[in-house]
Structures are given as C-alpha cells and as structure tokens.
Amino acid sequence: MLDYWRQIKNQRVSFFSRFIHTKKSAPGSLTAPAPWRLGLLPSGPDPVHAGAPRQTEDATSRITHQRPKARWVQPLVKRPSTFTAKKPGRKKSSVQSCQPCLIFFVGYGSQTIDYARIPSVPTQTIKLTRYAQHTSAGREPGPARYLRIITPMSEAVATSTPGAALEAQQLGKKYGRKPVLENITFAVQPGEVYALAGPNGSGKTTLIRLLTGLAFPTSGVVRMLGQDIYNGGYVARRALGAVVEAPAAFYPHMTGRQNLEMVAFLTGMSNVESRIREVLARLELLAVADQPVRTYSLGQRQRLGLASAILHEPQILILDEPTSGLDPQGISKVHEILAELAWKGVAVLLSTHHLREVSAYSDKVGILGGGRLLEEVKLGAKGETYRLRVDDPPRAAAFLKTVPGVQNVSLRDVNVIFEGSPNVALAALVRENYQVQFLEPDYFDLYDYYRERVKNA
Amino acid sequence: MLRVLIWEFGKLVRLRSVQIGLLAALVLPILWAFAPGLRAQYGLELVSGWQVPALALLTGMDFLFPFLTAMAAAEVLGSEVSMGTLKSVLLRPSPRSRLLGAKVIVVLAYPFILLMVSLAGSLLAGLPFGLGSFFGGTGLGEGSFAGVGQLTPPGAFMELLRAHALAGVVLWPLSALAMLYAVVFLSTTSAALAAVSTLLLMRLLIAFPAIQPFLLTSYLDLYIRPEAVSWGLPLLIIYTVGFSALALLIFERKDI
C-alpha cells in the first residue's frame, strides 16, 4: 500500500498531462454533470508542483492557487456522499463535504488519472463520488479508490469581496447528514448594517455562531478584515464585538463593572476604567454598575451585553436579536447606538424579527429560509418605484418593458411594479388602450416583502 | 495566564458540587472518628488522632472522592455552558487552549484541595484522641495501623502528607477524564456520569488479568502500596496527560 502511495505521490506534470482526456460513459454508468466537464483543466504545469502562483479559470469562478496543499481522499463506495480523507501515515479524518477545489482522480488499480474542478456546492460531493466511480468504470471494473484534493477552499476560493469587513463565502453546516445551512455567501462593508431575517429554525443563530467562530462550518470560509477566522487563529477576532445570546450571559456573582473588566482583560485592553464608565453611561447602566448581575433585569442584562460588545471599539459588530427583551425605550436606544456605530464605520450584522424598525437604518437585509439565503434586499439602493393596476397586467408589464424611460418592470400579484417616469408609463399605456385603474408610489414594506418571500420559499 | 488561573479558581469555589464536596470532605472524618460501628467495621480501636485521616482516606477513596472529583471536573466546564458564559469568553481574542488549559490546571488541583480539607477535618476529629507520639501506625505507612514501633508527630504527619499527595495523583486521571467528557458532551451531568461509569467499568475489567496492570482502578489504593508506585505513578500521569491533551485538541475545534 505504501508503495502505491509513493507511486501516486511521485506523479509528475508530464504524467498528468499525458492522461488528461474526456472519458466515454460506460453503458449504464453515471454521467458527470456538465459543469465538471467545463471545469476540466487545460494541460499545463501541475498546480501541486508548480512553484509560482498561477491562475486557472472555469465557467463559474476564478481561482488563484498559492502552492496548494494536497490531501488524499478515499471515497466510500457504499455511502457515496461520504469521503474519508487519508494522508499517508496519518489517521483518517472525515471530510463530510468537499469544498471548492481541484481534484485528481486516480483510477482503481491503474495509472489512469483524470481531474476536474468541483463546484462549491456541498451537495455535489455526491456527484463527485459518482464521477469517480464512472471515471474508473470506463477503464476498469470497480470504483475509483483515491481522489486527491489539491486546493481546499480556504486557499483557493472564488474572488473575495474587496474591502469587506465581514464576508462569508459558500458557508455550509451539517449536523450528521442534515444540512442546517447551505451555500451562504454575503459580505458586509465597513459602515454597513446588515440585518438577518428569517423564521424560527431558518438557521440565523447557527449562522451567527459560524460567523463568530463559535462553531465550525462543514464547508466555506468566513473572513474578518480579510483574515480567515477558522484558520487565522484567535487574532482574527480582535476586530469583533458580539452578543450571541439573548439575554447576554454574564457571571451572575460579579457586578456589571467586574464583568466588563474581565471582558477588557480577555480582549487585551489596558487602562479601561474610563472606557467602561463611558459605555455604561451610554447604555444607561451606571446606576447598577456595581450591583451583581444576578440582580439585573432582562433588559439591563441585554444592554450590558451590548456594552461588552462595543467596549473595545470593534470594527465588526455581530448581534443575535439585540433588542430581545427590551422595552420600547430600550429598543430605540439600541437602534440609535447601532446606527451611530455604523455611521462611524463599524460593520454591523444583526439578526432580528423587528424588520420595520431595522429597515430605517439597515443597508441590506438577508432573508434566510430553510438554511439558505433566499434573498438579499438592498434597502438603500432602491430607486423611485411605482405600482399600477391595469386590466391585463401580464401583457401591460411586457409592453412597459419596451417603453423607454421605464425600467425594472415586474409583476407583483395583480400589480405592475416599475421604476422610472410614471407620466411616460401612464401615457404609453393609455395610448395602447389599457384600462389603468390606479397608479401610485410603491413604498417598499420590508415586513410585507419578507412575509411574501418566506411564504413562497 | 496567572490572572486567568486566579479567575478560574474563583469560579471553582463557587461551584455547588465543589462546595458540597468540600463540606463532605470536612465532615466525613468527624463522623467516622465517632461512629459507633467503627470497631465492628474495621476491627480497629483508635489509639491516636493520627489514625483518623487514614480512616477518612480509605473510605473516601473507595467511591466518594473519585465521584466528587469527577463531578467538579465536569461542572467546571458544564456550568459555563449552561450559564452561557463560555460563548462570551470564547468570543474574545484569546486562544481556546489558554482557557481550557487553565481549567485543566484548576481541575487537577481540586483533588489536592479536597484531600487537604479532608486531612484538616481528620486532624480536627483526631484532637480528642491526642496528636502526640504513640506506639502503632497511621494506617497509611509501614505496618498499617499496627505500625513498627513508636511514631513521632512529625513522622506521622509526613506519612499522612505523602499518602494524601499520592491519593491526589491517583485522582488526576479521573479529573482529566471527566474534563474530556465535559468537552465532548458540554454537559455536567453527562460528563460526570460518563466518567463514573468508566470508573465502574474499569473495576469490572479487573477480571481480565492481562489488562489489569493498565487499568486506572488498579491504582486507586496506590497510597497504601508503595511497591506499586514505580509502575503505577508514571501510568497515572500518562493517562492524565493523554486525557488532558485530547480534551484540549477536541475543544480547539468544538462547536459551542
């Protein structure tokens, strides 16, 4: 077996390129999906052994290789969705979901080698195994035995969002075989407020745990100010302030001030007295600062949570339902602080059910449903929108799309929604003898939109 | 690290299982010293207050001290999980290994704290019997309770100290094992139960002579068997280091 490993390990560029070809499907065998065929690499230097960074491209993404690390993967034939990674001389470790990477297939009992790029969707790992089986089935009986993952996602991901304070790419989480989050990709720029909305069980809290590094994803990567929080060590969390529980948890026997002092110590702050006083005053907690936290009300604990999150003046703020348990005055206080922090350049991500309130100052709202990011609504970017009701909405919408000065025409129930000049649209419709019942500005109601979107998901 | 350690010790003494454990360790020797059935149980007539600690240690190490140790070790992490404070701490830019490392040190120190409290309680209970020189043994040194002649107070105290220190080391692997289970299950009850179950299972495995020398339970009485120290002590330390290292390794990538 060891000889076999060495044999495979010693494969060189010329050897790979000699065997690169498109395989014929064996009768009855599974066929590789089209994107994989597109992803077949052009012949050239082997990225494993090539010294200089190089770029390769496929139909969907651009990937940069920086001397990638190699892993060996053995597919389990009976459970095609599961892989077992094995480095020669090392213990096995499970690779439940394959990350976007380059893969080399080594056929069973032969020297046949083929390779393809795997798209980033975790569920396609199943197809990978099938493809491996197919690849070898075309050559010799039996499944493919070894796959070589050249570039893990953390090293070769689709281009990252430039300047993003916080970004999640292709984030996925599974508990056993059950996916809780799939393919979550978004970015929060400095000074931006990103609200996460979704029904209970949609994966908001899991996503926040992944974003803060409390949990580890099955696939994907999270970067804070460009640093990978899973592989970049604890240093990556220096810019992070977070409250991940409602109400925020503190040591009950310690006072609010002592809890904040401990937070300051763990964050590596020095001379914190004035700053602690400042945040306590900001959150209107000075009066109870020297009382044990066990005597605090729910709202006071929640505000102390926000105080601990902003204590070290973070550049990224992640909050899980920060207004939960607060009275109306407390809610508006929290919103005011968050808006102010965003104005100062802090990237704020919060999960919430109070959509109408956060829509006042949020830049984007990510709607989660069934573990997926259903839609990202850009609130600030919306232009002047109108809606009209007309006797034949589908035909009228199709007609309006051809009218100059009218843009982004769509149908919502029986209404035609459009951007642009209402006068031009109305005149054009009347000219074409449509019966226009009404035309009015379409004020965007995030809550209504959210309800509709989740209902239809 | 020192501040984190002091902080962890502060949290340790606030744990309910620790408070109950320390109280039990203090009260148990007093009960034993004046128990009417003592003679019937051990066929022993106490001739000196220096013999009381042996009684407390022999009975305590049978089940109570291992159980209290496992409970405390499990609760050190489990209580943070149930209170939600573990998440708050892990959000800070501080390595996970530092946090758990401090907890492991505290957990390994706890058996000694427990045994020292037990020793203090025993000596307190032994006062009515006198703590001067006597003919006989402490029950934890050469010749057991019969002894090998006259024993001076410093000699008796050193014997007791040595035995209690060894007993503390005997409890180390159990503490580390309970901590490992706590990391895996993130629950006080599950971790303590798993640790105690493992201990009971190992006791049953004594029936297999081939593996007996490698079982933790073969060395629970190491403090009264000086001849087994050369083999047993390194083995216990290896177990402790192994369990602790595994706990640290798992915690580093554990979903919280």
# chains A, B, ... in the order shown; residues from 1 in each chain; ligands from 1
$ residues_around --residues "B:Leu22" --least-positions-apart "5" --cutoff "12 Å" --atoms "only C-alpha atoms" --output "CSV table (one decimal) with C-alpha atoms, in the first residue's frame"
chain,number,residue,atom,x,y,z
B,12,LEU,CA,-14.2,26.7,41.1
B,13,VAL,CA,-15.0,27.5,44.7
B,14,ARG,CA,-18.4,28.9,43.7
B,15,LEU,CA,-19.5,25.7,42.1
B,16,ARG,CA,-22.1,23.9,44.0
B,17,SER,CA,-20.6,20.4,43.6
B,27,VAL,CA,-17.5,16.3,57.9
B,28,LEU,CA,-16.8,12.7,56.9
B,29,PRO,CA,-13.7,12.2,59.1
B,64,LEU,CA,-16.8,9.4,47.4
B,65,PHE,CA,-13.6,11.3,46.5
B,68,LEU,CA,-16.7,14.3,43.9
B,69,THR,CA,-13.6,14.9,41.7
B,72,ALA,CA,-16.3,19.0,40.0
B,110,TYR,CA,-9.0,20.2,43.0
B,111,PRO,CA,-8.3,16.7,44.3
B,112,PHE,CA,-5.5,18.1,46.4
B,113,ILE,CA,-7.7,20.8,47.8
B,114,LEU,CA,-10.4,18.1,48.6
B,115,LEU,CA,-7.8,15.8,50.3
B,116,MET,CA,-6.3,18.7,52.2
B,117,VAL,CA,-9.7,19.7,53.6
B,118,SER,CA,-10.3,16.0,54.4
B,119,LEU,CA,-6.9,15.9,56.2
B,120,ALA,CA,-7.7,19.1,58.1
B,121,GLY,CA,-11.1,17.6,59.1
$ interface_residues --of "chain B" --to "chain A" --cutoff "8 Å" --atoms "only C-alpha atoms" --output "PyMOL selection string"
chain B and resi 83-85+87-95+253-256
$ write_last_selection --atoms "N, CA and C atoms" --output "compact mmCIF listing (two decimals), in the first residue's frame"
# COMPACT_ATOMS: atom_id res chain seq x y z
N MET B 83 -24.64 28.28 31.80
CA MET B 83 -24.86 29.71 32.06
C MET B 83 -24.75 30.55 30.78
N GLY B 84 -24.11 29.97 29.78
CA GLY B 84 -23.91 30.70 28.52
C GLY B 84 -22.66 31.55 28.50
N THR B 85 -21.90 31.52 29.59
CA THR B 85 -20.72 32.38 29.68
C THR B 85 -19.55 31.87 28.83
N LYS B 87 -19.62 30.96 25.77
CA LYS B 87 -19.66 31.64 24.47
C LYS B 87 -19.07 33.03 24.58
N SER B 88 -19.48 33.75 25.63
CA SER B 88 -18.98 35.12 25.80
C SER B 88 -17.46 35.13 25.88
N VAL B 89 -16.91 34.17 26.60
CA VAL B 89 -15.46 34.12 26.78
C VAL B 89 -14.76 33.76 25.47
N LEU B 90 -15.35 32.81 24.76
CA LEU B 90 -14.70 32.35 23.52
C LEU B 90 -14.78 33.38 22.39
N LEU B 91 -15.66 34.36 22.54
CA LEU B 91 -15.74 35.41 21.51
C LEU B 91 -14.56 36.37 21.58
N ARG B 92 -13.85 36.33 22.70
CA ARG B 92 -12.73 37.26 22.87
C ARG B 92 -11.50 36.76 22.13
N PRO B 93 -10.63 37.67 21.76
CA PRO B 93 -9.42 37.23 21.03
C PRO B 93 -8.40 36.58 21.95
N SER B 94 -8.79 35.45 22.45
CA SER B 94 -7.93 34.71 23.37
C SER B 94 -7.98 33.26 22.93
N PRO B 95 -6.86 32.55 22.93
CA PRO B 95 -6.89 31.18 22.41
C PRO B 95 -7.74 30.26 23.29
N ARG B 253 -11.51 22.64 18.19
CA ARG B 253 -12.40 22.68 17.02
C ARG B 253 -13.83 22.28 17.40
N LYS B 254 -14.20 22.52 18.64
CA LYS B 254 -15.52 22.10 19.10
C LYS B 254 -16.56 23.19 18.83
N ASP B 255 -17.69 22.78 18.31
CA ASP B 255 -18.80 23.72 18.12
C ASP B 255 -19.41 24.04 19.48
N ILE B 256 -19.53 25.32 19.76
CA ILE B 256 -20.12 25.72 21.05
C ILE B 256 -21.48 26.35 20.78
$ residues_around --residues "A:Val293" --least-positions-apart "3" --cutoff "12 Å" --atoms "only C-alpha atoms" --output "ChimeraX atom specification"
/A:247-260,285,288-290,296-305
$ select_by_dssp --residues "stretch 75-234 of chain B" --states "strand (DSSP E or B)" --output "PyMOL selection string"
chain B and resi 134-135+150-151
$ write_last_selection --atoms "C-alpha atoms" --output "compact mmCIF listing (two decimals), in the first residue's frame"
# COMPACT_ATOMS: atom_id res chain seq x y z
CA PHE B 134 2.19 6.86 70.03
CA PHE B 135 3.01 3.19 69.52
CA GLN B 150 6.85 4.48 68.28
CA LEU B 151 5.75 7.17 65.82
$ residues_around --residues "stretch 179-193 of chain A" --least-positions-apart "4" --cutoff "6 Å" --atoms "only C-alpha atoms" --output "PyMOL selection string"
chain A and resi 164-174+342-343+345-349+362-363+371-373
$ write_last_selection --atoms "C-alpha atoms" --output "compact mmCIF listing (two decimals), in the first residue's frame"
# COMPACT_ATOMS: atom_id res chain seq x y z
CA ALA A 164 -15.40 43.83 3.07
CA ALA A 165 -15.17 43.93 6.84
CA LEU A 166 -17.00 40.66 7.19
CA GLU A 167 -17.62 38.13 4.49
CA ALA A 168 -18.99 34.63 4.35
CA GLN A 169 -18.35 32.50 1.32
CA GLN A 170 -20.17 29.31 0.44
CA LEU A 171 -20.82 28.73 4.11
CA GLY A 172 -22.45 25.41 4.92
CA LYS A 173 -23.16 23.50 8.08
CA LYS A 174 -24.42 19.97 8.50
CA ALA A 342 -22.43 52.20 11.53
CA TRP A 343 -22.09 55.89 10.78
CA GLY A 345 -17.65 52.94 10.08
CA VAL A 346 -18.43 49.80 12.09
CA ALA A 347 -19.80 46.89 10.07
CA VAL A 348 -22.91 45.74 11.89
CA LEU A 349 -24.63 42.41 11.39
CA SER A 362 -30.19 48.90 7.55
CA ASP A 363 -28.40 48.83 4.24
CA GLY A 371 -30.98 27.10 5.71
CA ARG A 372 -30.44 29.16 2.58
CA LEU A 373 -30.02 32.83 1.94
$ residues_around --residues "stretch 173-189 of chain B" --least-positions-apart "6" --cutoff "10 Å" --atoms "only C-alpha atoms" --output "count of residues only"
54
$ atom_distance --atom1 "atom CA of A:Ala427" --atom2 "atom CA of A:Arg412"
21.3 Å
$ residues_around --residues "A:Arg389" --least-positions-apart "4" --cutoff "8 Å" --atoms "only C-alpha atoms" --output "PDB file with N, CA and C atoms, in the first residue's frame"
ATOM      1  N   PRO A 393     -52.584  42.737 -16.601  1.00  0.00           N
ATOM      2  CA  PRO A 393     -51.254  43.010 -16.038  1.00  0.00           C
ATOM      3  C   PRO A 393     -50.085  42.324 -16.774  1.00  0.00           C
ATOM      4  N   VAL A 414     -51.469  41.286  -8.732  1.00  0.00           N
ATOM      5  CA  VAL A 414     -52.151  41.863  -9.895  1.00  0.00           C
ATOM      6  C   VAL A 414     -51.587  43.236 -10.233  1.00  0.00           C
ATOM      7  N   ASN A 415     -50.540  43.618  -9.534  1.00  0.00           N
ATOM      8  CA  ASN A 415     -49.959  44.942  -9.757  1.00  0.00           C
ATOM      9  C   ASN A 415     -48.719  44.857 -10.644  1.00  0.00           C
ATOM     10  N   VAL A 416     -48.544  45.887 -11.427  1.00  0.00           N
ATOM     11  CA  VAL A 416     -47.322  46.011 -12.220  1.00  0.00           C
ATOM     12  C   VAL A 416     -46.419  46.999 -11.489  1.00  0.00           C
ATOM     13  N   VAL A 436     -56.257  51.707 -17.087  1.00  0.00           N
ATOM     14  CA  VAL A 436     -55.452  51.871 -15.867  1.00  0.00           C
ATOM     15  C   VAL A 436     -56.371  52.245 -14.712  1.00  0.00           C
ATOM     16  N   GLN A 437     -56.389  51.399 -13.662  1.00  0.00           N
ATOM     17  CA  GLN A 437     -57.283  51.639 -12.524  1.00  0.00           C
ATOM     18  C   GLN A 437     -56.655  52.588 -11.518  1.00  0.00           C
ATOM     19  N   PHE A 438     -55.399  52.394 -11.231  1.00  0.00           N
ATOM     20  CA  PHE A 438     -54.710  53.367 -10.391  1.00  0.00           C
ATOM     21  C   PHE A 438     -53.203  53.279 -10.615  1.00  0.00           C
ATOM     22  N   LEU A 439     -52.510  54.352 -10.217  1.00  0.00           N
ATOM     23  CA  LEU A 439     -51.064  54.395 -10.258  1.00  0.00           C
ATOM     24  C   LEU A 439     -50.602  55.156  -9.023  1.00  0.00           C
TER      25      LEU A 439
END
$ closest_residue --among "B:Ala102, B:Gly232, B:Val169, B:Leu131" --to "B:Lys11" --atoms "only C-alpha atoms"
B:Ala102
